[in-house]
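Here is the structure we will look at.
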Protein chains: 2
Amino acid sequence: MTPRIRKPPTIFEVAALAGVSKSTVSNVIRDVDGVAPSTRERVQVAIERLGYRPNALARQFVAQRTTTFGVLVGDLDNPFYAEMAKLIERWAFHHGYTAMFCNIEGDDDLAVSGVEALLEQHVAGVVFLAFFGRSPAVEELLRQRAPIVFVGLREDWGDSVAVGDADGGRLATEHLIELGHREIAYLTTPAVEPRADRARHAGYRAAMRRARLAARPAIRWAPGTEEVRLGGRRAALTDVLVDTDRPTAVFVSNDLGAIALQEFIDLHGLRVPEDVSLIGFDNVSLAGLARISLTTVAQPLDELARLGVARLVERIERWEPNRRQDPPRAITVPVELVVRGSTGPPPRS
Amino acid sequence: MTPRIRKPPTIFEVAALAGVSKSTVSNVIRDVDGVAPSTRERVQVAIERLGYRPNALARQFVAQRTTTFGVLVGDLDNPFYAEMAKLIERWAFHHGYTAMFCNIEGDDDLAVSGVEALLEQHVAGVVFLAFFGRSPAVEELLRQRAPIVFVGLREDWGDSVAVGDADGGRLATEHLIELGHREIAYLTTPAVEPRADRARHAGYRAAMRRARLAARPAIRWAPGTEEVRLGGRRAALTDVLVDTDRPTAVFVSNDLGAIALQEFIDLHGLRVPEDVSLIGFDNVSLAGLARISLTTVAQPLDELARLGVARLVERIERWEPNRRQDPPRAITVPVELVVRGSTGPPPRS
DNA sequence: ATGAAAGCGCTAACAG
DNA sequence: CTGTTAGCGCTTTCAT
């Protein structure tokens, strides 16, 4: 004989065993008050005896809502997102929600079909861990359809929990200035949302201005290539690092970019930090490896995740279709400078 | 006026507009044949006009099954799992499934409650990206309740898609032997499933035996600590690396462990590979960074994910509760040696 | 304080 | 080929 699995008991069978109606059982499991203690007791016993577990699918069906978060992730290969994803999952679980991930890999179409899939599943809310504002389609899709929160980035059409990017940019730049650097460049890669990029660059410019140093336009680099965009024009990355006005320090808008740049610099016979200092942004765990030892501006990931999930849960709980929502709120969390080995005094010229 | 969102049309309204019954609409959307082309056409038009989308929740309710995979992940902080998770999600999506992740962080209780949550959600199947066989509770929970597949590891109570761990161990060891090493150690960390650990160690021993070299017992190390277990006893990691019979090469059972060991060695004034060669297992993207440059045995992640998901989908499709299942199948994928800078000839003694 | 009954939107027999 | 009908398991009025 196969050890048969009998199908799980329903609310009806519990009711029968306890000698009450389905509604009463329902009231007991949902813990509504107004059930006589004695009845409640009998129902509990019946539940116990039958090993009854409410059927989540039926619940979701009747409520037309799940207890699942959709999480849109930029790219799980990027440890920044991987770490965030993990923390989001953990905090969601803590609030009784599960997490469904959707890896959009920087692709707008993927983002759209991802959101469609999530909406189809009637997720209770959506967490954005990455979003490239180019796609109004996503905004359109979500508007009034589900509570959302942006974690680690800003968008003005939803709640957001993020660090002070401008502060971080200022902090990084000031660190370099204090070390004695005067020729400091800002370099960014496509892994960073445009808005965060702008803010970090603005922080950089502010710090430079305060120190009466010349700020430079952002250098745009896609790691893997050897070319950059600088202002309007193209240039070879090597040239930028070797030219007469070459920087003695580079503030990179994200750790992964900084590590890629470090590698590029290594390969071209320059030394970090003796020839050029490097500072990143994020503080991915990778940055702490002794062989990488990247100075960086740390984002408090756990705090971001915790607050983001809390905010989303709050929204969900007061959510009603077609009800006017509170205006979006932007929550800011402070960054912290983490000094490691990739920054030092500038070379004597 | 708020731009009201009217609630989405149901199958009923489509039927009304098309002038047919719900069943016919149902037949059209499920693409069952036996619907007159003209009727089908009319229904399609009505669907189009109304912007009708079948309600996934209702479907799942009636089928008592979702189109979601539960994915149990060891730890998303570990890039090996993060990369696998991403690929699983991608392949799942490719087959029309979504992925719900559950980060178990090496904790059995978390694994149990995670599986419970997944089961409660009636996931269509479960992908294990990590599992520490100590917990029969998980097996008990899942037995006959949902199709499962182990990806990247072996368990005999379910399908598995994994590399030939013994082959990999042999390959790694042979590489070291060919470089001239004779004193080769095997070191493992808790991040590796016991079974894979044993197989990799067995591969190591086989290679050593064939070369008529003395195999050593596995060194067990938890990165972060300075102590190891060697056979039955404890020892300081430094001692192991410095003792008279110190190894000139270490085969580490996983990349993250190898990188941690490399860091430890760096810190203690030894050089890799001049003083000691290091080879890992997995080929996480991290290993390819120039500053890490870890020689390793590569697992074909995408292949593992692809085959794993395909196998699971197959199981799901022929799944019926209480039906005898085909016996578990173990699929093996070949590994590949990736030589980088962490291995070289042994020091002249 | 409890029960009866009406759905939620869809699928799947079964009849015609 | 198409329509009718009976659920799926639970929540939620509304009576009692």
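Ordering of the structure tokens sets the chain letters (A, B, ...), residue numbers begin anew at 1 in every chain, and ligands are numbered from 1 in the order given.
Chains of identical sequence, chain A and chain B give a C-alpha root-mean-square deviation of 0.1 Å after superposition over all matched alpha carbons.
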Can I get the residues of chain C within 12 Å of chain A, each with the closest pair of atoms and their distance in Å to one decimal, using only C-alpha atoms (C1' of nucleotides), sorted chain first then ascending number, as a tab-separated table?
```
residue	atom	partner	partner_atom	distance
C:DA1	C1'	A:Val35	CA	6.2
C:DT2	C1'	A:Thr24	CA	6.9
C:DG3	C1'	A:Ser21	CA	6.1
C:DA4	C1'	A:Ser21	CA	9.0
C:DA5	C1'	A:Ser23	CA	10.9
C:DG7	C1'	A:Val62	CA	9.2
C:DC8	C1'	A:Val62	CA	4.9
C:DG9	C1'	A:Phe61	CA	8.5
C:DC10	C1'	A:Phe61	CA	10.6
```
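Going from CA of Phe93 (chain B) over to CA of Leu142 (chain A), you cover 20.4 Å.
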Review point. Looking at A:Gly288, A:Pro37, A:Pro328, A:Pro79, which one is nearest to Ala260 (chain B), with distances taken over only C-alpha atoms?
Key: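 Residue with the minimum atom-to-atom distance to Ala260 (chain B): A:Gly288.
Every protein or nucleic acid residue with an atom no more than 9 Å from region 231-245 of chain A, counting only C-alpha atoms (C1' of nucleotides) and leaving out same-chain residues fewer than 6 positions away, appears here: Glu183, Pro217, Ala218, Ile219, Arg220, Trp221, Thr225, Phe264, Ile265, His268 and Val276 of chain A.
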